[in-house]
Amino acid sequence: MKVKELFLLLFCVFQGFSSSARAQVTFTDHLIVSNFDLLYVSSLSAVDLDQDNDLDLLATGVFSNDVAWFENNGSGVFTTRLIYGTLNAATDAKAGDVDHDGDTDVVATSRTLDDVVWFENNGTNTFTYRLVNGTFDEALEVALGDLDGDLDLDIVGGAGNERVTWWENLGGGSFTEHLMPTNRTDATVAIADFDGDDDLDVAANGGSVTIWYENLGADSFSENFIASGNYDKLLTSDLDSDGDPDLIGQNEISTPMKWWENDGTGTFAEHPISSSSAGYDFDVADIDGLNGLDVVANGSNIEWLANDGSEGFSSFVIAPGEEVVAAGDFDGDGDIDIASAMNDITWWENLRPPLLGAIDDLAILTGATPDDVVLYWSPAANASTYQVHASPNYSFTPDSTTLVTTTTDTMFTHFGIVPAVDRNYYVVVALP
């Protein structure tokens with residue numbers, strides 16, 4: 001009975017210690033570049049463009065007409081690299097290996113030129129302009145994915161005055177245009193396998209309706225209704241951690257942020273994320289290391305919407321709102337940071353203390369007396385050393401006894417426990 005009691009109490013203390021980290025997540029800002037665009041930065045995404053195992057940033061400026069990337073040295077120090085400086089009213093840019101040569105290219109849109117273009121990476125992170133389509137009226141957004149299953153990236157586009165269109169990549173920089181079966185203008189687009197049949201489908205919002213186009217093969221698609229309402233951005237992500245892609249939508253004027261839970265077959269159930277009605281951009285990432293993927297949303301404020309693991313989200317304000325956001329580990333410390341932009345581009349360093357992993361085991365030592373226990377715990381991200389404490393109650397201080405002042409091990413043996421004193425254990429993580 002004594003050993004069983006110790007196990008239960010230790011488990012509760014560890015779980016409580018881990019979950020308390022949510023309230024401790026704070027951020028500090030670092031300027032990347034000032035006045036990248038005099039009006040506003042229209043898109044921002046995190047991608048390892050130079051393939052050096054850290055996340056760079058890719059951005060477009062609607063007034064500067066720039067498509068640029070910001071090279072990360074691995075520690076969150078960025079250098080501006082211009083890809084193209086005359087893409088008028090540049091609205092979006094996405095990265096991927098378009099020509100299948102092993103490096104990362106960029107696909108972008110121009111609203112006033114009606115252009116969908118791609119910039120070929122020449123292998124040294126210099127880029128050559130290539131036109132995909134020059135008549136895509138008010139080109140707004142693109143998404144990349146292998147829609148036809150031929151192992152190269154196709155392009156899906158949404159525009160102000162065009163139906164959702166996809167361009168089949170034929171290789172060698174050539175594309176063939178295909179129209180989706182219904183006329184959804186002013187559309188935002190996203191790509192995922194919504195019905196679990198091992199091909200990529202397309203989600204879109206246009207004409208006040210969110211739909212998904214089921215990929216039927218042979219370059220054919222059929223439309224399926226998801227929800228009514230206007231959404232300026234859609235993203236796919238597995239918010240409920242059940243192994244299939246869900247869909248998230250945000251509107252900058254009137255519609256509260258929603259997510260649609262996918263049952264794995266392309267049938268969706270709607271849930272609220274935030275009651276806030278205004279939002280310009282968002283991204284999805286696990287900010288706190290708890291309960292799956294969270295949402296970082298940008299509206300009147302930049303907010304972290306923390307996933308509680310039960311289809312609910314709690315809002316935490318990070319900073320005043322800007323125009324666009326992107327999430328990623330920019331300083332290589334194992335947690336997720338946030339980049340944001342309006343005119344300037346800034347990244348917000350996540351100062352979250354490292355979390356202990358789940359307890360692996362607790363057992364009586366072989367051949368030991370019933371008053372000896374072995375404690376195991378999973379390594380914490382970025383831990384330098386650990387302290388091990390025992391306490392007669394659930395408080396961390398002042399009643400606790402320090403058993404180990406500093407150790408790099410993730411196992412501790414406590415010989416000769418005193419039942420009235422050593423009832424609960426906890427571990428303190430020291431940062432490097």
# chains A, B, ... in the order shown; residues from 1 in each chain; ligands from 1
>>> residues_around(residues="Phe136 in chain A", least_positions_apart="6", cutoff="7 Å", atoms="only C-alpha atoms", output="PyMOL selection string")
chain A and resi 114-115+159+162
>>> select_by_dssp(residues="range 19-244 of chain A", states="strand (DSSP E)", output="PyMOL selection string")
chain A and resi 27-33+41-47+56-61+67-72+78-84+90-96+105-110+115-121+127-133+139-145+154-159+165-171+174-179+188-192+201-206+209-217+220-228+233-237
>>> residues_around(residues="Asp409 in chain A", least_positions_apart="6", cutoff="12 Å", atoms="only C-alpha atoms", output="ChimeraX atom specification")
/A:375-380,383-388,427,429
>>> write_last_selection(atoms="C-alpha atoms", output="mmCIF file, in the first residue's frame")
data_model
loop_
_atom_site.group_PDB
_atom_site.id
_atom_site.type_symbol
_atom_site.label_atom_id
_atom_site.label_comp_id
_atom_site.auth_asym_id
_atom_site.auth_seq_id
_atom_site.Cartn_x
_atom_site.Cartn_y
_atom_site.Cartn_z
ATOM 1 C CA LEU A 375 12.072 7.712 -9.873
ATOM 2 C CA TYR A 376 12.254 8.015 -13.665
ATOM 3 C CA TRP A 377 11.266 11.004 -15.801
ATOM 4 C CA SER A 378 11.550 11.925 -19.464
ATOM 5 C CA PRO A 379 14.124 14.579 -20.425
ATOM 6 C CA ALA A 380 12.895 18.160 -20.538
ATOM 7 C CA ALA A 383 17.306 21.195 -19.617
ATOM 8 C CA SER A 384 20.766 21.915 -18.223
ATOM 9 C CA THR A 385 20.417 20.086 -14.893
ATOM 10 C CA TYR A 386 17.701 18.799 -12.563
ATOM 11 C CA GLN A 387 16.986 19.092 -8.842
ATOM 12 C CA VAL A 388 14.965 16.416 -7.042
ATOM 13 C CA VAL A 427 11.796 17.785 -10.152
ATOM 14 C CA VAL A 429 14.490 21.978 -14.332
#
>>> residues_around(residues="Asn262 in chain A", least_positions_apart="5", cutoff="6 Å", atoms="only C-alpha atoms", output="PyMOL selection string")
chain A and resi 246+267-268
>>> write_last_selection(atoms="N, CA and C atoms", output="PDB file, in the first residue's frame")
ATOM      1  N   ASP A 246      -8.043  18.809 -40.045  1.00  0.00           N
ATOM      2  CA  ASP A 246      -9.183  19.679 -39.812  1.00  0.00           C
ATOM      3  C   ASP A 246      -8.967  20.972 -40.593  1.00  0.00           C
ATOM      4  N   THR A 267     -16.405  14.767 -43.631  1.00  0.00           N
ATOM      5  CA  THR A 267     -17.585  15.327 -42.978  1.00  0.00           C
ATOM      6  C   THR A 267     -17.107  16.170 -41.803  1.00  0.00           C
ATOM      7  N   PHE A 268     -17.598  17.412 -41.712  1.00  0.00           N
ATOM      8  CA  PHE A 268     -17.036  18.378 -40.779  1.00  0.00           C
ATOM      9  C   PHE A 268     -18.071  18.853 -39.765  1.00  0.00           C
TER      10      PHE A 268
END
>>> residues_around(residues="Ala297 in chain A", least_positions_apart="6", cutoff="12 Å", atoms="only C-alpha atoms", output="PyMOL selection string")
chain A and resi 233+235+248-252+256-258+273-285+303-306+313-327+338-340
